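**Q** See final_5.json below, with JSON, C-alpha atoms and all ligand atoms.
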[["chain", "number", "residue", "atom", "x", "y", "z"],
["A", 11, "MET", "CA", -68.00, 10.68, -9.08],
["A", 12, "LYS", "CA", -67.50, 12.60, -12.32],
["A", 13, "LYS", "CA", -67.74, 16.23, -13.34],
["A", 14, "ILE", "CA", -70.15, 16.44, -16.26],
["A", 15, "LEU", "CA", -70.38, 19.47, -18.55],
["A", 16, "SER", "CA", -73.70, 19.62, -20.42],
["A", 17, "VAL", "CA", -73.57, 21.89, -23.47],
["A", 18, "ILE", "CA", -76.98, 22.86, -24.86],
["A", 19, "SER", "CA", -77.38, 24.33, -28.34],
["A", 20, "SER", "CA", -81.07, 23.83, -29.13],
["A", 21, "ALA", "CA", -83.26, 26.92, -29.32],
["A", 22, "ARG", "CA", -86.34, 24.87, -28.37],
["A", 23, "SER", "CA", -85.86, 24.43, -24.62],
["A", 24, "LYS", "CA", -88.69, 22.19, -23.33],
["A", 25, "ALA", "CA", -89.67, 20.77, -26.75],
["A", 26, "SER", "CA", -86.07, 19.97, -27.66],
["A", 27, "ASN", "CA", -85.25, 16.43, -28.70],
["A", 28, "SER", "CA", -81.50, 16.88, -28.32],
["A", 29, "ILE", "CA", -81.93, 18.18, -24.76],
["A", 30, "ARG", "CA", -84.17, 15.20, -23.92],
["A", 31, "LEU", "CA", -81.55, 12.83, -25.34],
["A", 32, "GLN", "CA", -78.81, 14.68, -23.47],
["A", 33, "GLN", "CA", -80.79, 14.31, -20.26],
["A", 34, "GLU", "CA", -81.03, 10.57, -20.78],
["A", 35, "ILE", "CA", -77.25, 10.36, -21.18],
["A", 36, "ILE", "CA", -76.75, 12.45, -18.04],
["A", 37, "ASP", "CA", -79.26, 10.38, -16.03],
["A", 38, "LYS", "CA", -77.46, 7.18, -16.98],
["A", 39, "LEU", "CA", -74.06, 8.70, -16.21],
["A", 40, "GLN", "CA", -75.31, 9.78, -12.79],
["A", 41, "ALA", "CA", -76.64, 6.28, -12.15],
["A", 42, "ARG", "CA", -73.27, 4.83, -13.12],
["A", 43, "TYR", "CA", -71.23, 7.45, -11.25],
["A", 44, "PRO", "CA", -73.24, 8.47, -8.16],
["A", 45, "GLU", "CA", -72.68, 11.99, -6.79],
["A", 46, "SER", "CA", -71.51, 13.26, -10.16],
["A", 47, "THR", "CA", -71.97, 16.98, -10.65],
["A", 48, "VAL", "CA", -73.48, 18.61, -13.73],
["A", 49, "THR", "CA", -72.58, 22.07, -15.03],
["A", 50, "VAL", "CA", -74.99, 23.32, -17.69],
["A", 51, "ARG", "CA", -73.71, 25.64, -20.42],
["A", 52, "ASP", "CA", -76.71, 26.82, -22.46],
["A", 53, "LEU", "CA", -75.31, 28.42, -25.60],
["A", 54, "VAL", "CA", -78.68, 29.87, -26.61],
["A", 55, "ALA", "CA", -79.53, 31.49, -23.27],
["A", 56, "ASN", "CA", -75.97, 32.81, -22.95],
["A", 57, "LYS", "CA", -74.54, 33.33, -26.38],
["A", 58, "TYR", "CA", -70.90, 33.21, -27.32],
["A", 59, "PRO", "CA", -70.10, 36.10, -29.67],
["A", 60, "HIS", "CA", -69.13, 35.54, -33.26],
["A", 61, "LEU", "CA", -65.42, 36.08, -33.58],
["A", 62, "GLU", "CA", -64.41, 39.66, -34.24],
["A", 63, "GLU", "CA", -61.03, 41.21, -34.89],
["A", 64, "SER", "CA", -60.66, 42.06, -31.20],
["A", 65, "HIS", "CA", -60.96, 38.35, -30.28],
["A", 66, "LEU", "CA", -58.47, 37.23, -32.89],
["A", 67, "THR", "CA", -55.92, 39.86, -31.91],
["A", 68, "ALA", "CA", -56.30, 38.87, -28.25],
["A", 69, "PHE", "CA", -55.98, 35.15, -29.04],
["A", 70, "TYR", "CA", -52.71, 35.58, -30.92],
["A", 71, "VAL", "CA", -51.00, 38.37, -28.95],
["A", 72, "GLN", "CA", -47.52, 37.57, -27.65],
["A", 73, "GLU", "CA", -47.30, 37.32, -23.86],
["A", 74, "GLU", "CA", -45.08, 40.41, -23.53],
["A", 75, "ASN", "CA", -47.67, 42.52, -25.37],
["A", 76, "ASP", "CA", -50.70, 41.27, -23.40],
["A", 77, "SER", "CA", -52.99, 43.86, -21.80],
["A", 78, "PRO", "CA", -56.21, 44.16, -19.74],
["A", 79, "GLU", "CA", -58.04, 44.94, -23.00],
["A", 80, "TYR", "CA", -56.90, 41.69, -24.60],
["A", 81, "ARG", "CA", -57.68, 39.73, -21.45],
["A", 82, "LEU", "CA", -61.21, 41.13, -21.56],
["A", 83, "ALA", "CA", -61.58, 40.06, -25.20],
["A", 84, "ARG", "CA", -60.57, 36.52, -24.17],
["A", 85, "THR", "CA", -63.20, 36.26, -21.39],
["A", 86, "HIS", "CA", -65.62, 33.97, -23.25],
["A", 87, "SER", "CA", -62.85, 31.81, -24.60],
["A", 88, "GLU", "CA", -61.12, 31.41, -21.23],
["A", 89, "GLN", "CA", -64.42, 30.57, -19.54],
["A", 90, "ALA", "CA", -65.34, 27.94, -22.14],
["A", 91, "ILE", "CA", -61.91, 26.32, -22.07],
["A", 92, "ARG", "CA", -61.84, 26.34, -18.25],
["A", 93, "GLU", "CA", -65.21, 24.58, -18.13],
["A", 94, "ILE", "CA", -63.95, 21.90, -20.49],
["A", 95, "GLU", "CA", -60.70, 21.47, -18.57],
["A", 96, "GLU", "CA", -62.61, 21.09, -15.30],
["A", 97, "ALA", "CA", -64.94, 18.43, -16.70],
["A", 98, "ASP", "CA", -64.35, 14.68, -16.93],
["A", 99, "ILE", "CA", -67.24, 14.15, -19.33],
["A", 100, "LEU", "CA", -68.85, 16.45, -21.92],
["A", 101, "VAL", "CA", -72.42, 15.83, -23.07],
["A", 102, "ILE", "CA", -73.11, 18.03, -26.08],
["A", 103, "GLY", "CA", -76.63, 18.44, -27.47],
["A", 104, "VAL", "CA", -76.67, 18.98, -31.22],
["A", 105, "PRO", "CA", -79.81, 19.78, -33.20],
["A", 106, "ILE", "CA", -79.11, 19.57, -36.92],
["A", 107, "TYR", "CA", -79.88, 22.92, -38.51],
["A", 108, "ASN", "CA", -79.55, 23.22, -42.27],
["A", 109, "PHE", "CA", -77.29, 20.18, -42.59],
["A", 110, "SER", "CA", -74.94, 21.27, -39.87],
["A", 111, "ILE", "CA", -74.62, 22.44, -36.28],
["A", 112, "PRO", "CA", -76.44, 25.50, -34.87],
["A", 113, "SER", "CA", -74.44, 28.71, -35.16],
["A", 114, "ALA", "CA", -74.57, 29.03, -31.34],
["A", 115, "LEU", "CA", -72.53, 25.82, -31.08],
["A", 116, "LYS", "CA", -70.16, 26.93, -33.83],
["A", 117, "ALA", "CA", -69.55, 30.21, -31.98],
["A", 118, "TRP", "CA", -68.60, 28.21, -28.84],
["A", 119, "ILE", "CA", -66.28, 26.01, -30.92],
["A", 120, "ASP", "CA", -64.61, 29.11, -32.34],
["A", 121, "HIS", "CA", -63.78, 30.16, -28.78],
["A", 122, "ILE", "CA", -62.39, 26.78, -27.67],
["A", 123, "VAL", "CA", -60.12, 25.94, -30.60],
["A", 124, "ARG", "CA", -57.09, 28.04, -29.74],
["A", 125, "SER", "CA", -53.46, 27.74, -30.69],
["A", 126, "ARG", "CA", -51.18, 27.13, -27.68],
["A", 127, "LYS", "CA", -54.24, 26.69, -25.43],
["A", 128, "THR", "CA", -56.13, 23.68, -26.79],
["A", 129, "PHE", "CA", -53.91, 22.64, -29.68],
["A", 130, "THR", "CA", -50.33, 23.06, -30.74],
["A", 131, "VAL", "CA", -48.21, 22.10, -33.71],
["A", 132, "VAL", "CA", -45.27, 19.73, -33.18],
["A", 133, "ASP", "CA", -42.95, 19.01, -36.12],
["A", 134, "GLY", "CA", -45.59, 20.37, -38.47],
["A", 135, "ARG", "CA", -48.33, 18.17, -37.04],
["A", 136, "PRO", "CA", -51.28, 19.42, -35.01],
["A", 137, "GLU", "CA", -51.56, 18.02, -31.49],
["A", 138, "GLY", "CA", -54.61, 18.37, -29.26],
["A", 139, "LEU", "CA", -53.94, 19.56, -25.72],
["A", 140, "VAL", "CA", -57.28, 18.63, -24.11],
["A", 141, "LYS", "CA", -56.69, 15.08, -22.91],
["A", 142, "ASN", "CA", -58.44, 12.27, -21.07],
["A", 143, "LYS", "CA", -62.03, 13.36, -21.43],
["A", 144, "LYS", "CA", -65.06, 11.46, -22.60],
["A", 145, "VAL", "CA", -67.49, 13.13, -24.99],
["A", 146, "TYR", "CA", -71.08, 12.16, -25.73],
["A", 147, "LEU", "CA", -72.92, 13.80, -28.62],
["A", 148, "ALA", "CA", -76.74, 13.83, -28.53],
["A", 149, "ILE", "CA", -77.69, 14.57, -32.13],
["A", 150, "ALA", "CA", -81.32, 15.28, -33.10],
["A", 151, "SER", "CA", -82.53, 15.61, -36.68],
["A", 152, "GLY", "CA", -85.60, 15.65, -38.88],
["A", 153, "GLY", "CA", -83.99, 13.26, -41.35],
["A", 154, "VAL", "CA", -82.22, 9.95, -40.80],
["A", 155, "PHE", "CA", -78.48, 10.30, -41.37],
["A", 156, "SER", "CA", -76.87, 7.53, -39.34],
["A", 157, "ASP", "CA", -77.60, 5.06, -42.12],
["A", 158, "GLY", "CA", -79.57, 4.71, -45.34],
["A", 159, "PRO", "CA", -79.83, 6.89, -48.47],
["A", 160, "TYR", "CA", -79.06, 10.18, -46.66],
["A", 161, "LYS", "CA", -75.95, 9.04, -44.78],
["A", 162, "ALA", "CA", -73.83, 11.04, -47.25],
["A", 163, "TRP", "CA", -75.67, 14.18, -46.10],
["A", 164, "ASP", "CA", -74.36, 13.81, -42.58],
["A", 165, "PHE", "CA", -71.81, 16.59, -42.21],
["A", 166, "THR", "CA", -72.54, 16.99, -38.51],
["A", 167, "GLU", "CA", -70.96, 13.93, -36.91],
["A", 168, "PRO", "CA", -67.82, 13.93, -39.14],
["A", 169, "TYR", "CA", -67.28, 17.64, -38.52],
["A", 170, "LEU", "CA", -67.71, 17.39, -34.74],
["A", 171, "ARG", "CA", -65.47, 14.32, -34.52],
["A", 172, "HIS", "CA", -62.83, 16.19, -36.54],
["A", 173, "VAL", "CA", -62.86, 19.54, -34.77],
["A", 174, "LEU", "CA", -63.17, 18.08, -31.25],
["A", 175, "GLY", "CA", -60.52, 15.49, -32.06],
["A", 176, "PHE", "CA", -58.26, 18.31, -33.27],
["A", 177, "ILE", "CA", -58.12, 19.71, -29.73],
["A", 178, "GLY", "CA", -57.66, 16.25, -28.18],
["A", 179, "LEU", "CA", -61.26, 15.21, -27.54],
["A", 180, "THR", "CA", -61.00, 11.95, -29.43],
["A", 181, "ASP", "CA", -63.06, 9.63, -27.20],
["A", 182, "ILE", "CA", -66.48, 10.41, -28.67],
["A", 183, "THR", "CA", -69.69, 8.38, -28.54],
["A", 184, "VAL", "CA", -72.70, 9.46, -30.57],
["A", 185, "PHE", "CA", -76.36, 8.87, -29.77],
["A", 186, "ARG", "CA", -79.06, 10.02, -32.14],
["A", 187, "ALA", "CA", -82.74, 10.83, -32.04],
["A", 188, "GLU", "CA", -83.49, 11.07, -35.74],
["A", 189, "GLY", "CA", -86.27, 11.00, -38.26],
["A", 190, "PHE", "CA", -88.65, 13.55, -36.72],
["A", 191, "SER", "CA", -89.74, 14.55, -40.25],
["A", 192, "VAL", "CA", -89.97, 11.04, -41.63],
["A", 193, "PRO", "CA", -93.42, 9.42, -41.72],
["A", 194, "GLY", "CA", -93.36, 6.05, -40.02],
["A", 195, "VAL", "CA", -90.24, 6.97, -38.07],
["A", 196, "GLN", "CA", -91.21, 10.25, -36.39],
["A", 197, "ASP", "CA", -93.50, 8.71, -33.80],
["A", 198, "VAL", "CA", -90.78, 6.45, -32.41],
["A", 199, "ALA", "CA", -87.73, 8.64, -33.11],
["A", 200, "LEU", "CA", -87.31, 10.01, -29.59],
["A", 201, "GLN", "CA", -88.06, 6.75, -27.80],
["A", 202, "LYS", "CA", -85.67, 4.85, -30.07],
["A", 203, "GLY", "CA", -82.95, 7.42, -29.39],
["A", 204, "ILE", "CA", -83.52, 7.29, -25.64],
["A", 205, "GLU", "CA", -83.46, 3.50, -25.60],
["A", 206, "SER", "CA", -80.18, 3.44, -27.53],
["A", 207, "VAL", "CA", -78.33, 5.31, -24.77],
["A", 208, "ALA", "CA", -75.76, 3.16, -22.99],
["A", 209, "VAL", "CA", -72.91, 4.69, -20.99],
["A", 301, "LIG", "C1", -83.79, 26.01, -38.42],
["A", 301, "LIG", "C2", -83.92, 24.53, -38.54],
["A", 301, "LIG", "C3", -83.22, 23.87, -39.52],
["A", 301, "LIG", "C4", -83.32, 22.48, -39.62],
["A", 301, "LIG", "N1", -82.59, 21.85, -40.57],
["A", 301, "LIG", "C5", -82.61, 20.50, -40.64],
["A", 301, "LIG", "C6", -81.79, 19.80, -41.58],
["A", 301, "LIG", "O1", -81.05, 20.37, -42.35],
["A", 301, "LIG", "N2", -81.84, 18.44, -41.58],
["A", 301, "LIG", "C7", -82.65, 17.75, -40.73],
["A", 301, "LIG", "O2", -82.66, 16.53, -40.77],
["A", 301, "LIG", "N3", -83.42, 18.39, -39.82],
["A", 301, "LIG", "C8", -83.41, 19.74, -39.76],
["A", 301, "LIG", "N4", -84.19, 20.38, -38.83],
["A", 301, "LIG", "C9", -85.01, 19.59, -37.89],
["A", 301, "LIG", "C10", -84.30, 19.46, -36.56],
["A", 301, "LIG", "O3", -83.04, 18.85, -36.69],
["A", 301, "LIG", "C11", -85.16, 18.67, -35.58],
["A", 301, "LIG", "O4", -86.34, 19.39, -35.34],
["A", 301, "LIG", "C12", -84.45, 18.41, -34.26],
["A", 301, "LIG", "O5", -85.36, 17.81, -33.36],
["A", 301, "LIG", "C13", -83.89, 19.69, -33.68],
["A", 301, "LIG", "O6", -83.33, 19.46, -32.41],
["A", 301, "LIG", "P1", -84.02, 20.04, -31.10],
["A", 301, "LIG", "O7", -85.37, 19.36, -31.02],
["A", 301, "LIG", "O8", -83.11, 19.62, -30.00],
["A", 301, "LIG", "O9", -84.13, 21.51, -31.25],
["A", 301, "LIG", "C14", -84.13, 21.76, -38.73],
["A", 301, "LIG", "C15", -84.85, 22.45, -37.74],
["A", 301, "LIG", "C16", -84.75, 23.81, -37.63],
["A", 301, "LIG", "C17", -85.51, 24.52, -36.55]]
Could you rewrite the structure in this file as structure tokens?
**A**
Amino acid sequence: MKKILSVISSARSKASNSIRLQQEIIDKLQARYPESTVTVRDLVANKYPHLEESHLTAFYVQEENDSPEYRLARTHSEQAIREIEEADILVIGVPIYNFSIPSALKAWIDHIVRSRKTFTVVDGRPEGLVKNKKVYLAIASGGVFSDGPYKAWDFTEPYLRHVLGFIGLTDITVFRAEGFSVPGVQDVALQKGIESVAV
């Protein structure tokens, strides 16, 4: 039995390839770990705000100067971090938008990467504080970036591995449904992605 956190960032709901791929990962996880629970965090339906000065002040305030106003400004961040801490497995759906991740996902990331909460610095070196969790990324894209001539254009997987690894989420497996804009590939892109899923 595992606690699975499913993070959705596609704006396409039913037509979404990343959500379909995510679902395949979750189905296989539930088959492997019966009675697992799934918490869905849809970042498009319930947006995380872009960081404003009030958030930053509240993130960095010293404990003795904390206040109800700062606690309120940390609501989204605390909720997102709590959901991650409570989960054993994260399944993150990632549509590639303009060579990178959707801004809805970036906003969530900006709320979970927090000094003293999810990372710290020891002897000048960053250390992630979110330990012992498995992460699956379900990446969907129009182009093919896992291999071939456009591999160098893949900023998505390296970025996510780096930023999630920075907070301690280093055990990351990537599945892709890719090539939805590529003739000859598009018709089989989703099926190929689904069939590649092994957990
Ligand atoms: C706003 C937007 C920007 C996109 N930018 C890219 C891109 O830079 N590279 C790419 O390969 N595909 C791009 N695509 C195609 C999507 O990655 C593709 O449709 C994928 O299936 C999206 O995931 P989803 O189906 O889960 O929403 C873009 C799609 C949209 C809607």
**Q** Choose the residue, out of A:His172, A:Lys141, A:Arg135, A:Lys161, that has the smallest atom-to-atom separation from ligand LIG 301 (chain A); count all atoms listed in the file.
**A**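 For ligand LIG 301 (chain A), the nearest of the candidates is A:Lys161.
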**Q** Name the closest residue to Leu61 in chain A among the candidates A:Glu45, A:Asp120, A:Asp76, A:Glu34; distances are taken between atoms, counting all atoms listed in the file.
**A**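 Using all atoms listed in the file, Leu61 in chain A sits closest to A:Asp120.
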**Q** Compute the set of protein, DNA and RNA residues whose minimum atom distance to ligand LIG 301 (chain A) is at most 7 Å, using only C-alpha atoms and all ligand atoms, and state it as a list in words.
**A** Ser20, Ala21, Arg22, Ala25, Ser26, Asn27, Ser28, Ile29, Val104, Pro105, Ile106, Tyr107, Asn108, Phe109, Ser110, Ala150, Ser151, Gly152, Gly153, Val154 and Phe190 of chain A
**Q** What lies within 12 Å of range 121-126 of chain A using all atoms listed in the file, ignoring chain neighbours under 4 positions off, as a PyMOL selection string?
**A** chain A and resi 57-62+65-66+68-73+83-95+114-117+130-132+136-140+172-179
**Q** Within 12 Å of Glu205 in chain A, counting only C-alpha atoms, which residues show up once you throw out same-chain ones fewer than 6 positions away? Write them as a PyMOL selection string, please.
**A** chain A and resi 30-31+34-35+38+185-187+198-199
**Q** Which residue gives the smallest distance to Val101 in chain A among A:Ile119, A:Val54, A:Val184, A:Ala162, with all atoms listed in the file counted?
**A**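 That would be A:Val184, the residue with the smallest distance to Val101 in chain A.
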**Q** Find the distance between CA of Val207 in chain A and CA of Val17 in chain A and write it in Å to one decimal.
**A**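 Going from CA of Val207 in chain A over to CA of Val17 in chain A, I get 17.3 Å.
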**Q** Provide the CA of Leu100 in chain A to CA of Ser23 in chain A distance in Å, to one decimal place.
**A**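 That distance, rounded to one decimal, is 19.0 Å.
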**Q** Of the candidates A:Glu188, A:Glu63, A:Asp52, A:Asp98, which shows the shortest atom-to-atom distance to Lys202 in chain A, using only C-alpha atoms?
**A**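 Between A:Glu188, A:Glu63, A:Asp52, A:Asp98, the residue approaching Lys202 in chain A most closely is A:Glu188.
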**Q** If you measure from CA of Gly194 in chain A to CA of Trp163 in chain A, what distance in Å do you get, rounded to one decimal?
**A** 20.4 Å
**Q** Between A:Leu53, A:Val195, A:Leu39, A:Ile111, which residue has the minimum interatomic distance to Tyr146 in chain A, considering all atoms listed in the file?
**A**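 For Tyr146 in chain A, the nearest of the given residues is A:Leu39.
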**Q** Would you mind putting back N, CA, C and O atoms on range 175-192 of chain A, then writing it out as a PDB file, in the coordinates of the input?
**A**
ATOM      1  N   GLY A 175     -61.731  16.307 -32.068  1.00  0.00           N
ATOM      2  CA  GLY A 175     -60.520  15.490 -32.060  1.00  0.00           C
ATOM      3  C   GLY A 175     -59.267  16.337 -32.250  1.00  0.00           C
ATOM      4  O   GLY A 175     -58.212  16.051 -31.681  1.00  0.00           O
ATOM      5  N   PHE A 176     -59.383  17.396 -33.013  1.00  0.00           N
ATOM      6  CA  PHE A 176     -58.260  18.310 -33.270  1.00  0.00           C
ATOM      7  C   PHE A 176     -57.718  18.909 -31.979  1.00  0.00           C
ATOM      8  O   PHE A 176     -56.519  19.153 -31.840  1.00  0.00           O
ATOM      9  N   ILE A 177     -58.610  19.142 -31.007  1.00  0.00           N
ATOM     10  CA  ILE A 177     -58.120  19.710 -29.730  1.00  0.00           C
ATOM     11  C   ILE A 177     -57.892  18.603 -28.678  1.00  0.00           C
ATOM     12  O   ILE A 177     -57.650  18.898 -27.510  1.00  0.00           O
ATOM     13  N   GLY A 178     -58.006  17.356 -29.091  1.00  0.00           N
ATOM     14  CA  GLY A 178     -57.660  16.250 -28.180  1.00  0.00           C
ATOM     15  C   GLY A 178     -58.837  15.452 -27.681  1.00  0.00           C
ATOM     16  O   GLY A 178     -58.663  14.451 -26.991  1.00  0.00           O
ATOM     17  N   LEU A 179     -60.055  15.923 -27.997  1.00  0.00           N
ATOM     18  CA  LEU A 179     -61.260  15.210 -27.540  1.00  0.00           C
ATOM     19  C   LEU A 179     -61.588  14.111 -28.547  1.00  0.00           C
ATOM     20  O   LEU A 179     -62.439  14.267 -29.421  1.00  0.00           O
ATOM     21  N   THR A 180     -60.889  13.007 -28.417  1.00  0.00           N
ATOM     22  CA  THR A 180     -61.000  11.950 -29.430  1.00  0.00           C
ATOM     23  C   THR A 180     -61.919  10.806 -29.000  1.00  0.00           C
ATOM     24  O   THR A 180     -62.323  10.000 -29.833  1.00  0.00           O
ATOM     25  N   ASP A 181     -62.216  10.731 -27.701  1.00  0.00           N
ATOM     26  CA  ASP A 181     -63.060   9.630 -27.200  1.00  0.00           C
ATOM     27  C   ASP A 181     -64.526  10.070 -27.252  1.00  0.00           C
ATOM     28  O   ASP A 181     -65.070  10.612 -26.296  1.00  0.00           O
ATOM     29  N   ILE A 182     -65.135   9.864 -28.406  1.00  0.00           N
ATOM     30  CA  ILE A 182     -66.480  10.410 -28.670  1.00  0.00           C
ATOM     31  C   ILE A 182     -67.461   9.284 -28.957  1.00  0.00           C
ATOM     32  O   ILE A 182     -67.204   8.423 -29.789  1.00  0.00           O
ATOM     33  N   THR A 183     -68.591   9.319 -28.263  1.00  0.00           N
ATOM     34  CA  THR A 183     -69.690   8.380 -28.540  1.00  0.00           C
ATOM     35  C   THR A 183     -70.912   9.191 -28.961  1.00  0.00           C
ATOM     36  O   THR A 183     -71.223  10.213 -28.340  1.00  0.00           O
ATOM     37  N   VAL A 184     -71.558   8.726 -30.018  1.00  0.00           N
ATOM     38  CA  VAL A 184     -72.700   9.460 -30.570  1.00  0.00           C
ATOM     39  C   VAL A 184     -73.997   8.697 -30.326  1.00  0.00           C
ATOM     40  O   VAL A 184     -74.071   7.494 -30.590  1.00  0.00           O
ATOM     41  N   PHE A 185     -75.002   9.403 -29.814  1.00  0.00           N
ATOM     42  CA  PHE A 185     -76.360   8.870 -29.770  1.00  0.00           C
ATOM     43  C   PHE A 185     -77.241   9.801 -30.593  1.00  0.00           C
ATOM     44  O   PHE A 185     -77.030  11.014 -30.601  1.00  0.00           O
ATOM     45  N   ARG A 186     -78.218   9.205 -31.261  1.00  0.00           N
ATOM     46  CA  ARG A 186     -79.060  10.020 -32.140  1.00  0.00           C
ATOM     47  C   ARG A 186     -80.544   9.804 -31.868  1.00  0.00           C
ATOM     48  O   ARG A 186     -80.969   8.673 -31.633  1.00  0.00           O
ATOM     49  N   ALA A 187     -81.280  10.895 -31.926  1.00  0.00           N
ATOM     50  CA  ALA A 187     -82.740  10.830 -32.040  1.00  0.00           C
ATOM     51  C   ALA A 187     -82.998  11.419 -33.420  1.00  0.00           C
ATOM     52  O   ALA A 187     -82.753  12.611 -33.647  1.00  0.00           O
ATOM     53  N   GLU A 188     -83.442  10.591 -34.352  1.00  0.00           N
ATOM     54  CA  GLU A 188     -83.490  11.070 -35.740  1.00  0.00           C
ATOM     55  C   GLU A 188     -84.732  10.567 -36.470  1.00  0.00           C
ATOM     56  O   GLU A 188     -85.310   9.545 -36.112  1.00  0.00           O
ATOM     57  N   GLY A 189     -85.115  11.373 -37.452  1.00  0.00           N
ATOM     58  CA  GLY A 189     -86.270  11.000 -38.260  1.00  0.00           C
ATOM     59  C   GLY A 189     -87.558  11.693 -37.846  1.00  0.00           C
ATOM     60  O   GLY A 189     -88.645  11.197 -38.134  1.00  0.00           O
ATOM     61  N   PHE A 190     -87.445  12.843 -37.191  1.00  0.00           N
ATOM     62  CA  PHE A 190     -88.650  13.550 -36.720  1.00  0.00           C
ATOM     63  C   PHE A 190     -89.498  14.102 -37.867  1.00  0.00           C
ATOM     64  O   PHE A 190     -90.621  14.526 -37.651  1.00  0.00           O
ATOM     65  N   SER A 191     -88.948  14.120 -39.082  1.00  0.00           N
ATOM     66  CA  SER A 191     -89.740  14.550 -40.250  1.00  0.00           C
ATOM     67  C   SER A 191     -90.078  13.393 -41.166  1.00  0.00           C
ATOM     68  O   SER A 191     -90.589  13.617 -42.268  1.00  0.00           O
ATOM     69  N   VAL A 192     -89.776  12.184 -40.739  1.00  0.00           N
ATOM     70  CA  VAL A 192     -89.970  11.040 -41.630  1.00  0.00           C
ATOM     71  C   VAL A 192     -91.205  10.240 -41.196  1.00  0.00           C
ATOM     72  O   VAL A 192     -91.228   9.680 -40.095  1.00  0.00           O
TER      73      VAL A 192
END
